[in-house]
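This is data-v5.txt (compact mmCIF, C-alpha atoms).
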# COMPACT_ATOMS: atom_id res chain seq x y z
CA MET A 1 -17.02 -5.83 17.84
CA ASN A 2 -19.67 -6.83 15.29
CA ILE A 3 -20.37 -10.56 15.02
CA HIS A 4 -21.21 -10.22 11.31
CA ASP A 5 -17.75 -8.71 10.71
CA LEU A 6 -16.20 -11.68 12.49
CA GLU A 7 -18.25 -14.13 10.41
CA ALA A 8 -17.04 -12.45 7.22
CA PHE A 9 -13.40 -12.66 8.29
CA ILE A 10 -13.71 -16.34 9.21
CA ALA A 11 -15.41 -17.09 5.89
CA VAL A 12 -12.54 -15.43 4.00
CA VAL A 13 -9.93 -17.43 5.92
CA GLU A 14 -11.75 -20.71 5.32
CA THR A 15 -12.53 -20.15 1.65
CA GLY A 16 -9.30 -18.32 0.81
CA SER A 17 -10.99 -15.49 -1.07
CA ILE A 18 -13.48 -12.65 -0.93
CA VAL A 19 -15.41 -14.36 -3.72
CA GLY A 20 -15.73 -17.58 -1.74
CA ALA A 21 -16.80 -15.75 1.41
CA SER A 22 -19.32 -13.75 -0.60
CA ALA A 23 -20.91 -16.95 -1.91
CA ARG A 24 -20.97 -18.60 1.51
CA LEU A 25 -22.53 -15.60 3.27
CA ASN A 26 -24.78 -14.54 0.38
CA LEU A 27 -23.25 -11.05 0.43
CA THR A 28 -21.77 -8.85 -2.26
CA GLN A 29 -17.99 -8.82 -2.50
CA PRO A 30 -17.80 -5.13 -1.48
CA GLY A 31 -19.97 -6.01 1.51
CA VAL A 32 -17.53 -8.70 2.63
CA THR A 33 -14.59 -6.33 2.12
CA ARG A 34 -16.26 -3.63 4.24
CA ARG A 35 -16.85 -6.11 7.06
CA ILE A 36 -13.22 -7.19 7.04
CA GLN A 37 -12.09 -3.58 7.12
CA ASN A 38 -14.45 -2.85 10.01
CA LEU A 39 -12.98 -5.72 12.00
CA GLU A 40 -9.41 -4.64 11.25
CA ASP A 41 -10.22 -1.07 12.28
CA GLY A 42 -11.78 -2.29 15.51
CA LEU A 43 -8.74 -4.45 16.34
CA ALA A 44 -6.25 -1.88 15.00
CA THR A 45 -4.30 -4.47 13.05
CA ALA A 46 -4.17 -6.08 9.62
CA LEU A 47 -5.77 -9.52 9.67
CA LEU A 48 -5.20 -10.63 6.05
CA ASP A 49 -2.12 -10.82 3.88
CA ARG A 50 -3.60 -9.32 0.74
CA GLN A 51 -0.55 -10.18 -1.36
CA SER A 52 -1.07 -13.92 -1.01
CA LYS A 53 -3.32 -16.02 -3.22
CA PRO A 54 -5.36 -17.60 -1.81
CA LEU A 55 -5.78 -15.00 0.92
CA LYS A 56 -4.05 -16.00 4.14
CA PRO A 57 -4.31 -14.53 7.64
CA THR A 58 -1.44 -12.58 9.14
CA ALA A 59 0.01 -13.70 12.48
CA SER A 60 -2.56 -11.50 14.21
CA GLY A 61 -5.22 -12.81 11.85
CA ARG A 62 -4.41 -16.38 12.81
CA GLN A 63 -5.01 -15.58 16.48
CA ALA A 64 -8.18 -13.68 15.60
CA TYR A 65 -9.41 -16.65 13.59
CA GLU A 66 -8.83 -19.15 16.42
CA HIS A 67 -10.54 -16.95 19.00
CA GLY A 68 -13.26 -15.99 16.55
CA ARG A 69 -14.19 -19.60 15.81
CA ARG A 70 -14.60 -20.23 19.52
CA VAL A 71 -16.75 -17.11 19.88
CA LEU A 72 -19.05 -18.22 17.04
CA ARG A 73 -19.25 -21.74 18.45
CA SER A 74 -20.27 -20.31 21.84
CA ILE A 75 -23.01 -18.29 20.16
CA GLU A 76 -24.23 -21.37 18.30
CA ASP A 77 -24.20 -23.30 21.60
CA LEU A 78 -26.30 -20.57 23.20
CA LYS A 79 -28.83 -20.61 20.36
CA ALA A 80 -29.08 -24.40 20.49
CA GLY A 81 -29.55 -24.35 24.26
CA VAL A 82 -32.49 -21.95 24.26
CA SER A 83 -34.13 -23.08 21.02
CA PRO A 84 -37.68 -24.28 21.76
CA GLN A 85 -37.45 -26.83 18.94
CA GLY A 86 -34.16 -28.27 20.14
CA GLU A 87 -33.18 -29.01 16.51
CA LEU A 88 -29.42 -28.92 16.08
CA SER A 89 -28.37 -26.82 13.09
CA GLY A 90 -25.33 -24.95 11.82
CA GLU A 91 -22.06 -26.57 10.70
CA PHE A 92 -20.12 -29.61 11.79
CA ARG A 93 -16.60 -29.38 10.31
CA LEU A 94 -15.09 -32.85 10.31
CA GLY A 95 -11.62 -33.98 9.25
CA ILE A 96 -10.98 -37.57 8.21
CA MET A 97 -7.68 -39.13 7.22
CA PRO A 98 -7.71 -41.30 4.06
CA TYR A 99 -7.18 -44.63 5.89
CA LEU A 100 -10.42 -44.07 7.80
CA SER A 101 -12.43 -42.58 4.96
CA ASP A 102 -13.80 -45.88 3.61
CA THR A 103 -15.29 -46.62 7.02
CA ALA A 104 -16.14 -43.05 8.06
CA LEU A 105 -17.98 -42.11 4.87
CA ALA A 106 -20.47 -44.95 5.16
CA LEU A 107 -22.28 -45.87 8.39
CA PRO A 108 -21.11 -42.90 10.55
CA LEU A 109 -22.22 -40.25 8.06
CA ASP A 110 -25.50 -42.02 7.37
CA ARG A 111 -26.26 -41.96 11.08
CA LEU A 112 -25.25 -38.32 11.43
CA ARG A 113 -27.52 -37.25 8.59
CA ALA A 114 -30.41 -39.29 9.96
CA ALA A 115 -30.04 -38.00 13.53
CA PHE A 116 -29.23 -34.35 12.70
CA PRO A 117 -30.85 -33.50 9.33
CA GLN A 118 -30.49 -29.74 9.89
CA LEU A 119 -26.76 -29.98 10.58
CA THR A 120 -24.53 -29.11 7.62
CA LEU A 121 -21.53 -31.44 7.39
CA ARG A 122 -18.32 -29.99 6.00
CA ILE A 123 -15.86 -32.83 5.50
CA ARG A 124 -12.16 -32.39 4.85
CA SER A 125 -9.72 -35.18 4.02
CA GLY A 126 -6.02 -34.98 4.82
CA TRP A 127 -3.09 -36.60 6.55
CA SER A 128 -3.21 -36.89 10.32
CA PRO A 129 -0.55 -34.28 11.28
CA ARG A 130 -2.31 -31.61 9.23
CA LEU A 131 -5.77 -32.50 10.56
CA VAL A 132 -4.53 -32.45 14.17
CA GLU A 133 -3.02 -29.02 13.57
CA GLN A 134 -6.32 -27.76 12.14
CA ALA A 135 -8.22 -29.10 15.16
CA VAL A 136 -5.81 -27.34 17.53
CA ARG A 137 -6.39 -24.08 15.63
CA SER A 138 -10.19 -24.58 15.73
CA GLU A 139 -10.38 -24.83 11.94
CA LEU A 140 -12.09 -28.20 12.37
CA ASP A 141 -14.61 -29.18 15.03
CA ALA A 142 -13.44 -32.81 15.24
CA VAL A 143 -11.01 -35.09 13.45
CA ALA A 144 -10.67 -38.84 13.01
CA VAL A 145 -6.97 -39.64 12.63
CA CYS A 146 -4.38 -42.36 13.04
CA LEU A 147 -1.12 -41.86 14.92
CA ALA A 148 1.81 -44.20 15.35
CA ASP A 149 1.30 -46.39 18.40
CA GLY A 150 2.80 -44.62 21.42
CA VAL A 151 2.34 -41.11 19.98
CA LYS A 152 -0.12 -39.10 22.08
CA PRO A 153 -2.39 -36.36 20.73
CA PRO A 154 -1.77 -32.75 21.84
CA ASP A 155 -2.84 -31.99 25.40
CA GLU A 156 -5.12 -29.15 24.30
CA LEU A 157 -7.38 -31.59 22.45
CA ALA A 158 -9.95 -33.90 24.00
CA SER A 159 -9.02 -37.37 22.76
CA GLU A 160 -10.76 -40.73 22.58
CA ASP A 161 -8.71 -43.81 21.76
CA LEU A 162 -10.42 -45.94 19.11
CA GLY A 163 -7.84 -48.71 19.40
CA LEU A 164 -5.06 -50.20 17.32
CA GLN A 165 -5.85 -50.50 13.63
CA SER A 166 -4.26 -52.99 11.27
CA VAL A 167 -4.25 -53.24 7.51
CA LEU A 168 -4.07 -56.20 5.18
CA LEU A 169 -1.09 -56.79 2.92
CA ILE A 170 -2.34 -57.82 -0.52
CA ALA A 171 -0.83 -58.74 -3.89
CA ALA A 172 -1.84 -60.30 -7.17
CA PRO A 173 -1.15 -64.05 -7.28
CA GLY A 174 0.89 -63.50 -10.44
CA LEU A 175 3.31 -61.17 -8.62
CA GLY A 176 4.87 -64.22 -7.00
CA VAL A 177 5.04 -63.11 -3.36
CA PRO A 178 5.76 -66.24 -1.28
CA LYS A 179 3.21 -67.37 1.31
CA PRO A 180 4.08 -67.00 4.08
CA ALA A 181 6.50 -64.12 3.48
CA ASP A 182 9.01 -62.31 5.65
CA LEU A 183 10.19 -58.71 5.69
CA ALA A 184 13.24 -59.38 3.54
CA THR A 185 11.04 -61.05 0.93
CA LEU A 186 8.61 -58.12 0.84
CA SER A 187 11.47 -55.68 0.29
CA ARG A 188 12.20 -57.30 -3.09
CA PHE A 189 8.86 -56.18 -4.52
CA PRO A 190 7.52 -52.72 -5.45
CA TRP A 191 4.64 -51.19 -3.48
CA VAL A 192 1.40 -49.48 -4.49
CA MET A 193 1.10 -46.75 -1.87
CA ASN A 194 -0.53 -43.55 -0.73
CA GLU A 195 1.45 -40.40 -1.36
CA ASN A 196 3.99 -39.05 1.14
CA GLY A 197 2.33 -38.08 4.41
CA CYS A 198 0.59 -41.39 4.91
CA GLY A 199 1.47 -42.85 8.32
CA PHE A 200 1.46 -46.43 7.01
CA ARG A 201 3.84 -45.53 4.20
CA ALA A 202 6.19 -43.89 6.72
CA PHE A 203 5.91 -46.95 8.99
CA ILE A 204 6.83 -49.33 6.16
CA ARG A 205 9.74 -47.18 5.01
CA GLN A 206 11.13 -46.80 8.54
CA THR A 207 10.74 -50.52 9.26
CA LEU A 208 12.56 -51.54 6.07
CA GLU A 209 15.29 -48.93 6.49
CA ALA A 210 15.86 -50.02 10.09
CA ALA A 211 16.42 -53.54 8.76
CA ARG A 212 18.71 -52.14 6.03
CA LEU A 213 16.29 -53.26 3.35
CA PRO A 214 15.19 -51.30 0.25
CA PHE A 215 11.78 -49.69 -0.10
CA GLN A 216 10.55 -49.16 -3.65
CA VAL A 217 7.27 -47.39 -4.44
CA GLY A 218 6.06 -48.56 -7.82
CA VAL A 219 2.86 -46.51 -8.00
CA GLU A 220 1.38 -43.70 -5.89
CA ALA A 221 -2.41 -43.46 -5.71
CA LEU A 222 -4.43 -41.72 -3.01
CA SER A 223 -7.70 -43.60 -3.34
CA ALA A 224 -8.17 -47.23 -2.32
CA ASP A 225 -10.49 -47.51 -5.33
CA LEU A 226 -7.43 -46.84 -7.50
CA ARG A 227 -4.90 -48.88 -5.53
CA MET A 228 -6.87 -52.13 -5.50
CA PRO A 229 -7.05 -52.55 -9.31
CA LEU A 230 -3.39 -51.54 -9.60
CA VAL A 231 -2.44 -54.24 -7.11
CA ALA A 232 -4.71 -56.73 -8.90
CA ARG A 233 -2.83 -56.02 -12.14
CA GLY A 234 0.47 -56.92 -10.50
CA HIS A 235 2.00 -53.46 -10.06
CA GLY A 236 3.09 -54.18 -6.50
CA ILE A 237 2.17 -55.01 -2.91
CA GLY A 238 -0.64 -52.95 -1.45
CA LEU A 239 -2.25 -52.09 1.86
CA VAL A 240 -6.00 -52.06 2.36
CA THR A 241 -8.37 -51.77 5.29
CA PRO A 242 -10.39 -54.89 6.10
CA GLY A 243 -13.62 -53.06 5.28
CA ALA A 244 -12.38 -51.80 1.92
CA PHE A 245 -11.09 -55.28 1.06
CA ALA A 246 -14.38 -56.95 1.96
CA ASN A 247 -16.38 -54.53 -0.19
CA SER A 248 -14.04 -54.27 -3.17
CA PRO A 249 -15.00 -55.79 -6.55
CA TRP A 250 -11.30 -56.65 -6.89
CA ARG A 251 -11.26 -58.84 -3.80
CA ASP A 252 -11.09 -62.11 -5.74
CA ALA A 253 -8.26 -60.83 -7.94
CA VAL A 254 -5.80 -60.41 -5.05
CA GLU A 255 -4.64 -62.51 -2.12
CA ILE A 256 -3.81 -61.61 1.48
CA ILE A 257 -0.12 -61.95 2.33
CA ASP A 258 0.79 -63.44 5.69
CA CYS A 259 3.97 -61.91 7.10
CA ALA A 260 4.67 -62.90 10.70
CA ASP A 261 7.47 -60.38 11.29
CA PHE A 262 5.68 -57.37 9.76
CA LYS A 263 2.28 -56.17 10.98
CA PRO A 264 1.62 -52.52 10.05
CA ARG A 265 -0.49 -50.94 12.80
CA VAL A 266 -1.43 -47.49 14.00
CA ARG A 267 -3.80 -46.21 16.69
CA ALA A 268 -7.01 -44.43 15.70
CA TRP A 269 -8.19 -41.37 17.62
CA MET A 270 -11.22 -39.06 17.70
CA LEU A 271 -10.04 -35.57 18.63
CA HIS A 272 -11.73 -32.24 19.25
CA ARG A 273 -11.18 -29.01 21.14
CA PRO A 274 -12.95 -28.92 24.48
CA PRO A 275 -15.64 -28.18 25.28
CA ALA A 276 -17.61 -29.84 22.49
CA GLY A 277 -20.71 -27.83 23.41
CA ARG A 278 -23.65 -28.29 21.06
CA LEU A 279 -21.61 -30.71 18.95
CA SER A 280 -21.08 -33.21 21.78
CA ARG A 281 -23.90 -35.46 20.54
CA PRO A 282 -22.84 -35.49 16.85
CA ILE A 283 -19.24 -36.14 17.85
CA ALA A 284 -20.25 -39.01 20.13
CA LEU A 285 -22.57 -40.51 17.49
CA PHE A 286 -19.88 -40.32 14.81
CA ARG A 287 -17.29 -41.81 17.16
CA ASP A 288 -19.47 -44.77 18.11
CA ALA A 289 -20.44 -45.52 14.50
CA LEU A 290 -16.83 -45.22 13.34
CA LEU A 291 -15.69 -47.57 16.08
CA GLU A 292 -18.37 -50.05 15.04
CA GLY A 293 -17.23 -49.86 11.42
CA LEU A 294 -13.58 -50.39 12.34
CA VAL A 295 -14.24 -53.85 13.75
CA MET A 296 -12.58 -56.28 11.35
CA PRO A 297 -15.03 -58.62 9.64
CA ALA A 298 -14.26 -62.18 10.65
CA ALA A 299 -14.66 -63.40 7.06
CA VAL A 300 -11.75 -61.25 5.91
CA VAL A 301 -9.16 -63.00 8.00
CA SER A 302 -10.56 -66.50 7.90
As structure tokens, the full file:
Amino acid sequence: MNIHDLEAFIAVVETGSIVGASARLNLTQPGVTRRIQNLEDGLATALLDRQSKPLKPTASGRQAYEHGRRVLRSIEDLKAGVSPQGELSGEFRLGIMPYLSDTALALPLDRLRAAFPQLTLRIRSGWSPRLVEQAVRSELDAVAVCLADGVKPPDELASEDLGLQSVLLIAAPGLGVPKPADLATLSRFPWVMNENGCGFRAFIRQTLEAARLPFQVGVEALSADLRMPLVARGHGIGLVTPGAFANSPWRDAVEIIDCADFKPRVRAWMLHRPPAGRLSRPIALFRDALLEGLVMPAAVVS
């Protein structure tokens, strides 16, 4: 089996096209196609569903991709181990769920870039179930996710518990949410939320439905930078991380809602397939910086 053929196949799976793989590998499109065909001939099976757009792997292709990623990682580990310079290079494919992105895209990434300047970071955002699945399939080297408290990560992943994470309930003063509020009171107002797939949104919906209370989403917006001004304009109750609240220019236009019988919380995790190999140091550095950034500023809750 030719390693270059394997690299071409993996590039096609990850970019979804021959064109994308060609650009990534700096090869002609016919060159990428020939490498894929060579690999398929060597394995005596079709690896790509050529009728799908973007290109997707077949069932055999999915297995080949998972094994192939591990083979390439082992080769990269070998190169890093014998390199006289000891400079870590290659790719670090990192998945981050939206709740953690405000924290993860600041201090942790700054430290990664400073400590490993030759390491190319490929960052993907998504909801936790999807990111966990991609880590299991070796499509991502590590993921920072949040799971409902009590839900354990898959056994095949190395996991590090980053602790329970809370969010702040916020609203515009003009919305008229009583202070303090209770769950029944909150259910009478619309919400400014992430789209479906967000663990906090699911938690709120399940909590209200269990209490036989309505849950109304007034506005969906993925980015906290969009949700904060929408909340400030009175479109509904919102959720925000302590860090995002502290740094937002809209902080003075909203107020924190105290609700004793409703405290949305999830548990944050750093997950990766073992062994981490050459990426053990970047993963550890990112984890430590992320954990540092997740500490709630005292001024936010005072």
- Enumerate, as a ChimeraX atom specification, the protein, DNA and RNA residues whose atoms approach (1.8, -43.7, 0.8) to within 10 Å, taking into account all atoms listed in the file and the coordinate frame of the file. /A:191-205,217,219-222,238-239
- To one decimal in Å, tell me the separation between atom CA of Ser128 of chain A and atom CA of Val145 of chain A.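 For atom CA of Ser128 of chain A relative to atom CA of Val145 of chain A, the distance reads 5.2 Å.
Ranking A:Asp141, A:Glu91, A:Glu66, A:Glu76 by their shortest atom-to-atom distance to His272 of chain A, with all atoms listed in the file included, puts A:Asp141 first.
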- Among listed residues A:Glu139, A:Asp155, A:Asp102, A:Glu133, nearest Gly68 of chain A (using only C-alpha atoms): A:Glu139
- Item | Contact residues around Ser280 of chain A with all atoms listed in the file at 12 Å, ignoring same-chain residues under 2 positions, as JSON, numbers by chain | {"A": [77, 80, 88, 92, 141, 142, 158, 271, 272, 273, 274, 275, 276, 277, 278, 282, 283, 284, 285, 286, 287]}
- Kindly extract all protein, DNA and RNA residues lying within 10 Å of the coordinates (-9.8, -43.2, 4.0) given in the file, considering all atoms listed in the file, and supply them as number ranges by chain. A: 96-105, 125-127, 145, 222-224, 240-241, 244
- Query: Which residue, A:Tyr65, A:Glu14, A:Gln165, A:Ser74, has the smallest gap to Pro242 of chain A when you use all atoms listed in the file?
  - Reply: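 Among A:Tyr65, A:Glu14, A:Gln165, A:Ser74, it is A:Gln165 that comes nearest to Pro242 of chain A.
Of note, atom CA of Gly61 of chain A and atom CA of Arg137 of chain A are spaced 11.9 Å apart.
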- Item | segment 34-48 of chain A surroundings by only C-alpha atoms, 7 Å radius, close-in-sequence under 3 positions cut, as a list in words | Met1, Asp5, Leu6, Ala8, Phe9, Pro30, Gly31, Leu55, Lys56, Pro57, Thr58, Ser60 and Gly61 of chain A
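Atom CA of Leu291 of chain A lies 26.2 Å from atom CA of Arg73 of chain A.
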- Nearest residue to Leu72 of chain A from the set A:Ala144, A:Pro108, A:Thr15, A:Ile3 (distances using only C-alpha atoms):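 Going through A:Ala144, A:Pro108, A:Thr15, A:Ile3 one by one, the smallest distance to Leu72 of chain A is for A:Ile3.
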- Message: Could you list, as a PyMOL selection string, every residue within 10 Å of Phe116 of chain A, counting only C-alpha atoms and ignoring same-chain residues fewer than 5 positions away?
- Response: chain A and resi 87-89+111+121+281-282
Let me see the file: selected residues, C-alpha atoms, as an mmCIF file, keeping the file's coordinate frame.
data_model
loop_
_atom_site.group_PDB
_atom_site.id
_atom_site.type_symbol
_atom_site.label_atom_id
_atom_site.label_comp_id
_atom_site.auth_asym_id
_atom_site.auth_seq_id
_atom_site.Cartn_x
_atom_site.Cartn_y
_atom_site.Cartn_z
ATOM 1 C CA GLU A 87 -33.180 -29.010 16.510
ATOM 2 C CA LEU A 88 -29.420 -28.920 16.080
ATOM 3 C CA SER A 89 -28.370 -26.820 13.090
ATOM 4 C CA ARG A 111 -26.260 -41.960 11.080
ATOM 5 C CA LEU A 121 -21.530 -31.440 7.390
ATOM 6 C CA ARG A 281 -23.900 -35.460 20.540
ATOM 7 C CA PRO A 282 -22.840 -35.490 16.850
#
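Distances here use all atoms listed in the file; by that measure, the residue among A:Leu175, A:Leu186, A:Leu168, A:Ile75 closest to Arg251 of chain A is A:Leu168.
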- Task: Using all atoms listed in the file, pick whichever of A:Asp49, A:Glu209, A:Pro214, A:Cys146 has the shortest atom-to-atom distance to Asp161 of chain A.
- Result: A:Cys146
